[in-house]
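Raw contents of upload-v8.txt, compact mmCIF, N, CA and C atoms:
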```
# COMPACT_ATOMS: atom_id res chain seq x y z
N MET D 1220 127.45 83.00 92.19
CA MET D 1220 128.59 82.13 92.44
C MET D 1220 128.35 80.72 91.90
N ARG D 1221 127.12 80.24 92.10
CA ARG D 1221 126.79 78.90 91.63
C ARG D 1221 126.94 78.81 90.11
N ARG D 1222 126.48 79.84 89.41
CA ARG D 1222 126.57 79.87 87.95
C ARG D 1222 128.04 79.84 87.51
N PHE D 1223 128.90 80.57 88.20
CA PHE D 1223 130.32 80.58 87.88
C PHE D 1223 130.93 79.19 88.02
N CYS D 1224 130.58 78.47 89.10
CA CYS D 1224 131.11 77.12 89.33
C CYS D 1224 130.65 76.16 88.23
N VAL D 1225 129.38 76.25 87.84
CA VAL D 1225 128.87 75.39 86.78
C VAL D 1225 129.58 75.68 85.47
N LEU D 1226 129.79 76.95 85.16
CA LEU D 1226 130.50 77.32 83.94
C LEU D 1226 131.95 76.85 83.98
N ALA D 1227 132.59 76.99 85.12
CA ALA D 1227 133.99 76.57 85.25
C ALA D 1227 134.12 75.06 85.06
N ILE D 1228 133.23 74.28 85.66
CA ILE D 1228 133.28 72.83 85.53
C ILE D 1228 132.99 72.43 84.09
N THR D 1229 132.00 73.06 83.47
CA THR D 1229 131.69 72.77 82.08
C THR D 1229 132.87 73.08 81.18
N ALA D 1230 133.53 74.20 81.41
CA ALA D 1230 134.69 74.57 80.60
C ALA D 1230 135.81 73.56 80.78
N LEU D 1231 136.06 73.14 82.02
CA LEU D 1231 137.12 72.16 82.27
C LEU D 1231 136.82 70.83 81.59
N LEU D 1232 135.58 70.36 81.70
CA LEU D 1232 135.22 69.10 81.07
C LEU D 1232 135.32 69.20 79.56
N GLY D 1233 135.01 70.33 79.01
CA GLY D 1233 135.11 70.53 77.57
C GLY D 1233 136.54 70.52 77.08
N LEU D 1234 137.49 70.88 77.94
CA LEU D 1234 138.89 70.91 77.54
C LEU D 1234 139.57 69.55 77.65
N VAL D 1235 138.96 68.62 78.39
CA VAL D 1235 139.56 67.30 78.55
C VAL D 1235 139.12 66.42 77.39
N PRO D 1236 140.05 65.94 76.58
CA PRO D 1236 139.66 65.09 75.45
C PRO D 1236 138.96 63.84 75.93
N VAL D 1237 138.01 63.34 75.14
CA VAL D 1237 137.26 62.14 75.48
C VAL D 1237 138.21 60.98 75.71
N SER D 1238 139.28 60.87 74.92
CA SER D 1238 140.20 59.75 75.03
C SER D 1238 140.90 59.70 76.39
N VAL D 1239 141.05 60.85 77.05
CA VAL D 1239 141.70 60.87 78.36
C VAL D 1239 140.81 60.16 79.37
N ARG D 1240 139.51 60.26 79.20
CA ARG D 1240 138.57 59.63 80.11
C ARG D 1240 138.46 58.14 79.90
N ALA D 1241 138.84 57.63 78.73
CA ALA D 1241 138.76 56.20 78.43
C ALA D 1241 139.88 55.46 79.16
N ALA D 1242 139.57 54.23 79.53
CA ALA D 1242 140.58 53.39 80.17
C ALA D 1242 141.62 52.96 79.14
N GLU D 1243 142.78 52.60 79.61
CA GLU D 1243 143.81 52.10 78.71
C GLU D 1243 143.52 50.64 78.39
N CYS D 1244 143.65 50.26 77.12
CA CYS D 1244 143.48 48.87 76.72
C CYS D 1244 144.54 48.03 77.43
N ARG D 1245 144.17 46.89 77.94
CA ARG D 1245 145.14 45.99 78.58
C ARG D 1245 145.73 45.10 77.50
N VAL D 1246 146.87 45.51 76.99
CA VAL D 1246 147.48 44.88 75.82
C VAL D 1246 148.49 43.81 76.23
N THR D 1247 148.45 42.69 75.50
CA THR D 1247 149.50 41.68 75.65
C THR D 1247 150.25 41.60 74.32
N GLY D 1248 151.46 41.20 74.41
CA GLY D 1248 152.35 41.18 73.25
C GLY D 1248 153.67 41.77 73.69
N HIS D 1249 154.66 41.66 72.87
CA HIS D 1249 155.98 42.14 73.23
C HIS D 1249 156.36 43.34 72.37
N PRO D 1250 156.53 44.51 73.02
CA PRO D 1250 157.01 45.64 72.24
C PRO D 1250 158.39 45.32 71.70
N SER D 1251 158.64 45.74 70.52
CA SER D 1251 159.88 45.39 69.86
C SER D 1251 160.71 46.64 69.64
N ALA D 1252 161.23 46.78 68.45
CA ALA D 1252 162.06 47.92 68.09
C ALA D 1252 161.52 48.54 66.82
N PHE D 1253 161.85 49.78 66.58
CA PHE D 1253 161.47 50.41 65.32
C PHE D 1253 162.07 49.60 64.18
N GLY D 1254 161.29 49.43 63.12
CA GLY D 1254 161.74 48.67 61.97
C GLY D 1254 161.34 47.21 62.03
N VAL D 1255 160.69 46.78 63.12
CA VAL D 1255 160.27 45.39 63.29
C VAL D 1255 158.75 45.36 63.47
N ASP D 1256 158.06 44.52 62.69
CA ASP D 1256 156.60 44.40 62.82
C ASP D 1256 156.25 43.59 64.07
N MET D 1257 155.06 43.86 64.62
CA MET D 1257 154.63 43.25 65.87
C MET D 1257 153.18 42.82 65.80
N VAL D 1258 152.77 41.98 66.77
CA VAL D 1258 151.38 41.57 66.93
C VAL D 1258 151.00 41.85 68.38
N ALA D 1259 149.79 42.39 68.60
CA ALA D 1259 149.31 42.69 69.95
C ALA D 1259 147.88 42.18 70.10
N PHE D 1260 147.48 41.94 71.33
CA PHE D 1260 146.15 41.44 71.65
C PHE D 1260 145.59 42.24 72.82
N PHE D 1261 144.27 42.48 72.80
CA PHE D 1261 143.60 43.06 73.97
C PHE D 1261 142.13 42.68 73.95
N ALA D 1262 141.48 42.81 75.11
CA ALA D 1262 140.06 42.52 75.24
C ALA D 1262 139.35 43.79 75.69
N VAL D 1263 138.14 43.98 75.19
CA VAL D 1263 137.33 45.15 75.55
C VAL D 1263 135.87 44.71 75.57
N LYS D 1264 135.08 45.33 76.42
CA LYS D 1264 133.66 45.01 76.49
C LYS D 1264 132.91 45.67 75.35
N SER D 1265 131.87 45.02 74.90
CA SER D 1265 131.02 45.54 73.84
C SER D 1265 130.54 46.95 74.18
N GLY D 1266 130.70 47.88 73.24
CA GLY D 1266 130.25 49.26 73.43
C GLY D 1266 131.21 50.15 74.19
N GLU D 1267 132.32 49.61 74.68
CA GLU D 1267 133.27 50.42 75.45
C GLU D 1267 134.44 50.90 74.60
N THR D 1268 135.11 51.92 75.14
CA THR D 1268 136.25 52.54 74.47
C THR D 1268 137.49 52.39 75.34
N CYS D 1269 138.63 52.19 74.69
CA CYS D 1269 139.88 52.18 75.44
C CYS D 1269 140.99 52.80 74.60
N ASN D 1270 141.98 53.35 75.30
CA ASN D 1270 143.16 53.95 74.65
C ASN D 1270 144.17 52.86 74.35
N PHE D 1271 144.76 52.93 73.17
CA PHE D 1271 145.77 51.98 72.74
C PHE D 1271 147.05 52.74 72.44
N PRO D 1272 147.98 52.77 73.39
CA PRO D 1272 149.24 53.49 73.14
C PRO D 1272 150.26 52.60 72.44
N ILE D 1273 151.09 53.20 71.60
CA ILE D 1273 152.22 52.50 71.00
C ILE D 1273 153.42 52.76 71.92
N ARG D 1274 154.01 51.69 72.41
CA ARG D 1274 155.16 51.83 73.31
C ARG D 1274 156.37 51.12 72.72
N ILE D 1275 157.10 51.85 71.92
CA ILE D 1275 158.36 51.34 71.36
C ILE D 1275 159.46 52.23 71.92
N PRO D 1276 160.50 51.66 72.51
CA PRO D 1276 161.57 52.49 73.06
C PRO D 1276 162.18 53.41 72.00
N GLY D 1277 162.32 54.68 72.34
CA GLY D 1277 162.91 55.65 71.43
C GLY D 1277 161.98 56.80 71.14
N MET D 1278 162.21 57.46 70.01
CA MET D 1278 161.45 58.65 69.61
C MET D 1278 160.59 58.34 68.40
N MET D 1279 159.27 58.42 68.58
CA MET D 1279 158.32 58.20 67.49
C MET D 1279 158.18 59.50 66.71
N THR D 1280 158.37 59.44 65.40
CA THR D 1280 158.28 60.65 64.57
C THR D 1280 156.97 60.74 63.80
N SER D 1281 156.38 59.59 63.49
CA SER D 1281 155.09 59.59 62.80
C SER D 1281 154.37 58.27 63.08
N SER D 1282 153.06 58.28 62.89
CA SER D 1282 152.26 57.08 63.08
C SER D 1282 150.95 57.24 62.33
N GLY D 1283 150.21 56.16 62.24
CA GLY D 1283 148.92 56.23 61.56
C GLY D 1283 148.23 54.89 61.54
N ILE D 1284 147.11 54.84 60.83
CA ILE D 1284 146.31 53.63 60.71
C ILE D 1284 146.65 52.97 59.38
N SER D 1285 147.12 51.73 59.44
CA SER D 1285 147.43 50.97 58.22
C SER D 1285 146.20 50.23 57.70
N GLN D 1286 145.41 49.70 58.63
CA GLN D 1286 144.20 48.96 58.27
C GLN D 1286 143.12 49.28 59.29
N LYS D 1287 142.00 49.78 58.85
CA LYS D 1287 140.89 50.11 59.74
C LYS D 1287 140.26 48.83 60.28
N PRO D 1288 139.67 48.90 61.49
CA PRO D 1288 138.98 47.72 62.01
C PRO D 1288 137.73 47.42 61.19
N GLU D 1289 137.38 46.15 61.11
CA GLU D 1289 136.19 45.74 60.37
C GLU D 1289 134.92 46.07 61.14
N ARG D 1290 134.97 45.98 62.45
CA ARG D 1290 133.77 46.13 63.28
C ARG D 1290 133.73 47.44 64.07
N GLY D 1291 134.79 47.73 64.80
CA GLY D 1291 134.79 48.88 65.71
C GLY D 1291 135.27 50.15 65.03
N THR D 1292 135.54 51.15 65.87
CA THR D 1292 136.01 52.45 65.40
C THR D 1292 137.39 52.72 65.99
N LEU D 1293 138.31 53.15 65.15
CA LEU D 1293 139.67 53.48 65.58
C LEU D 1293 139.95 54.93 65.23
N ARG D 1294 140.47 55.67 66.21
CA ARG D 1294 140.77 57.08 65.99
C ARG D 1294 142.16 57.37 66.53
N GLN D 1295 142.94 58.15 65.80
CA GLN D 1295 144.26 58.54 66.27
C GLN D 1295 144.13 59.78 67.14
N VAL D 1296 144.67 59.71 68.37
CA VAL D 1296 144.60 60.82 69.32
C VAL D 1296 145.82 61.72 69.16
N ASN D 1297 146.99 61.10 69.09
CA ASN D 1297 148.25 61.82 68.90
C ASN D 1297 149.26 60.85 68.29
N VAL D 1298 150.52 61.22 68.26
CA VAL D 1298 151.51 60.40 67.57
C VAL D 1298 151.73 59.03 68.22
N THR D 1299 151.41 58.88 69.51
CA THR D 1299 151.63 57.60 70.17
C THR D 1299 150.37 56.91 70.67
N THR D 1300 149.20 57.52 70.53
CA THR D 1300 147.99 56.96 71.13
C THR D 1300 146.83 56.91 70.14
N PHE D 1301 146.12 55.78 70.18
CA PHE D 1301 144.92 55.57 69.39
C PHE D 1301 143.79 55.21 70.35
N THR D 1302 142.55 55.45 69.94
CA THR D 1302 141.39 55.08 70.73
C THR D 1302 140.55 54.10 69.92
N TYR D 1303 140.22 52.96 70.55
CA TYR D 1303 139.39 51.95 69.90
C TYR D 1303 138.05 51.89 70.62
N THR D 1304 136.95 51.90 69.85
CA THR D 1304 135.61 51.75 70.41
C THR D 1304 134.98 50.51 69.81
N ALA D 1305 134.59 49.57 70.68
CA ALA D 1305 133.95 48.33 70.25
C ALA D 1305 132.48 48.61 69.93
N PRO D 1306 131.93 47.95 68.92
CA PRO D 1306 130.52 48.18 68.58
C PRO D 1306 129.59 47.63 69.67
N ARG D 1307 128.51 48.37 69.91
CA ARG D 1307 127.50 47.92 70.90
C ARG D 1307 126.80 46.67 70.39
N GLY D 1308 126.60 45.73 71.32
CA GLY D 1308 125.85 44.53 70.99
C GLY D 1308 126.62 43.46 70.25
N TYR D 1309 127.87 43.74 69.92
CA TYR D 1309 128.69 42.76 69.19
C TYR D 1309 129.65 42.06 70.15
N LYS D 1310 129.75 40.75 70.00
CA LYS D 1310 130.74 39.98 70.75
C LYS D 1310 131.47 39.11 69.73
N GLY D 1311 132.77 39.17 69.78
CA GLY D 1311 133.57 38.42 68.82
C GLY D 1311 134.94 39.03 68.69
N SER D 1312 135.49 39.02 67.49
CA SER D 1312 136.84 39.54 67.30
C SER D 1312 136.84 40.68 66.29
N ASP D 1313 137.90 41.45 66.33
CA ASP D 1313 138.13 42.53 65.39
C ASP D 1313 139.63 42.67 65.23
N THR D 1314 140.06 43.09 64.06
CA THR D 1314 141.49 43.23 63.79
C THR D 1314 141.72 44.55 63.08
N PHE D 1315 142.82 45.21 63.45
CA PHE D 1315 143.24 46.42 62.76
C PHE D 1315 144.76 46.49 62.81
N ALA D 1316 145.32 47.41 62.05
CA ALA D 1316 146.78 47.57 62.04
C ALA D 1316 147.12 49.05 62.10
N ILE D 1317 148.12 49.36 62.91
CA ILE D 1317 148.63 50.72 63.03
C ILE D 1317 150.14 50.68 62.80
N TYR D 1318 150.72 51.83 62.52
CA TYR D 1318 152.16 51.86 62.32
C TYR D 1318 152.78 53.01 63.11
N GLY D 1319 154.04 52.85 63.41
CA GLY D 1319 154.83 53.90 64.05
C GLY D 1319 156.20 53.93 63.42
N SER D 1320 156.68 55.11 63.14
CA SER D 1320 158.03 55.27 62.58
C SER D 1320 158.87 56.10 63.54
N GLY D 1321 160.13 55.75 63.63
CA GLY D 1321 161.01 56.49 64.51
C GLY D 1321 162.36 55.82 64.65
N GLU D 1322 163.05 56.22 65.70
CA GLU D 1322 164.38 55.68 65.97
C GLU D 1322 164.54 55.46 67.46
N GLY D 1323 165.12 54.33 67.80
CA GLY D 1323 165.33 54.00 69.20
C GLY D 1323 166.67 53.33 69.40
N PRO D 1324 166.91 52.86 70.62
CA PRO D 1324 168.20 52.25 70.93
C PRO D 1324 168.42 50.91 70.22
N TYR D 1325 167.34 50.28 69.72
CA TYR D 1325 167.47 48.96 69.12
C TYR D 1325 167.19 48.93 67.62
N GLY D 1326 166.93 50.08 67.02
CA GLY D 1326 166.68 50.11 65.58
C GLY D 1326 165.95 51.37 65.16
N LYS D 1327 165.74 51.50 63.85
CA LYS D 1327 164.99 52.64 63.33
C LYS D 1327 164.19 52.18 62.13
N GLY D 1328 163.18 52.95 61.77
CA GLY D 1328 162.34 52.62 60.63
C GLY D 1328 160.87 52.58 61.02
N ARG D 1329 160.10 51.88 60.20
CA ARG D 1329 158.65 51.80 60.37
C ARG D 1329 158.27 50.42 60.90
N SER D 1330 157.43 50.41 61.93
CA SER D 1330 156.91 49.16 62.50
C SER D 1330 155.41 49.13 62.31
N VAL D 1331 154.89 48.02 61.81
CA VAL D 1331 153.44 47.82 61.71
C VAL D 1331 153.02 46.89 62.84
N ILE D 1332 151.99 47.30 63.56
CA ILE D 1332 151.48 46.52 64.67
C ILE D 1332 150.08 46.01 64.28
N THR D 1333 149.96 44.70 64.13
CA THR D 1333 148.66 44.09 63.87
C THR D 1333 148.01 43.83 65.21
N VAL D 1334 146.81 44.37 65.41
CA VAL D 1334 146.14 44.30 66.72
C VAL D 1334 144.90 43.44 66.60
N ASN D 1335 144.81 42.44 67.47
CA ASN D 1335 143.66 41.54 67.53
C ASN D 1335 142.86 41.84 68.79
N ALA D 1336 141.64 42.31 68.59
CA ALA D 1336 140.77 42.66 69.72
C ALA D 1336 139.74 41.57 69.94
N THR D 1337 139.53 41.22 71.19
CA THR D 1337 138.46 40.32 71.57
C THR D 1337 137.38 41.17 72.24
N ILE D 1338 136.19 41.18 71.65
CA ILE D 1338 135.10 42.00 72.18
C ILE D 1338 134.18 41.09 72.98
N GLN D 1339 134.04 41.42 74.26
CA GLN D 1339 133.29 40.57 75.18
C GLN D 1339 131.92 41.13 75.49
```
Starting from the coordinates I provided, produce the structure as structure tokens.
Amino acid sequence: MRRFCVLAITALLGLVPVSVRAAECRVTGHPSAFGVDMVAFFAVKSGETCNFPIRIPGMMTSSGISQKPERGTLRQVNVTTFTYTAPRGYKGSDTFAIYGSGEGPYGKGRSVITVNATIQ
């Protein structure tokens, strides 16, 4: 029975994506509308990972990375969520850009979001 429980827990943990376990980045900035570029800011501790969701009202049809970060690692999880990992031992700033395309109540088209990270 004990072996079954260990296998079941291992299987469950294996099915949960790493990004789900990461905290959500505490982002400041104003979400806009599709077709309008934006700027966002967040802080993260050195060596930590956080999820960065794109929240634009409406339906997102595609997204991606426009500019990779200079210091950290950015990975796309799905059409609305990215994961940023700050480098260990580094304190300072990092910048990257992501885009989202879609249509919403206030506009349609492609929006580029320039993200400024402060690594503490």
(request) Go through D:Pro1276, D:Val1296, D:Arg1329, D:Glu1243 and flag the residue nearest Asp1256 in chain D, using all atoms listed in the file for the distances. (result) D:Arg1329
(message) Using only C-alpha atoms, can you tell me which of D:Thr1280, D:Ser1285, D:Thr1300, D:Thr1337 comes closest to Gly1321 in chain D?
(response) D:Thr1280
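All residues in chain D with a DSSP state of alpha helix (DSSP H), computed from the backbone, read Arg1221, Arg1222, Phe1223, Cys1224, Val1225, Leu1226, Ala1227, Ile1228, Thr1229, Ala1230, Leu1231, Leu1232, Gly1233, Leu1234, Val1237, Ser1238, Val1239 and Arg1240 of chain D.
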(request) Quote the spacing between atom N of Ser1330 in chain D and atom C of Lys1310 in chain D in Å to one decimal place. (result) 29.4 Å
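For the atom pair formed by CA of Arg1294 in chain D and atom N of Tyr1325 in chain D, the distance is 27.7 Å, given to one decimal.
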(request) Excluding range 1313-1316 of chain D and residues on its chain fewer than 2 positions from it, collect all residues at most 6.5 Å away from it, counting only N, CA and C atoms, and give them as a ChimeraX atom specification. (result) /D:1283-1291,1311,1318,1331-1338
(request) Pick out each residue of chain D that DSSP on the backbone tags as strand (DSSP E); I need them as a VMD selection string. (result) chain D and resid 1242 to 1243 1246 to 1247 1257 to 1263 1268 to 1272 1278 to 1286 1292 to 1295 1300 to 1304 1311 to 1323 1326 to 1338
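The residue that comes closest to Gly1323 in chain D, out of D:Thr1292, D:Arg1245, D:Phe1253, D:Tyr1303 and on the basis of only C-alpha atoms, is D:Phe1253.
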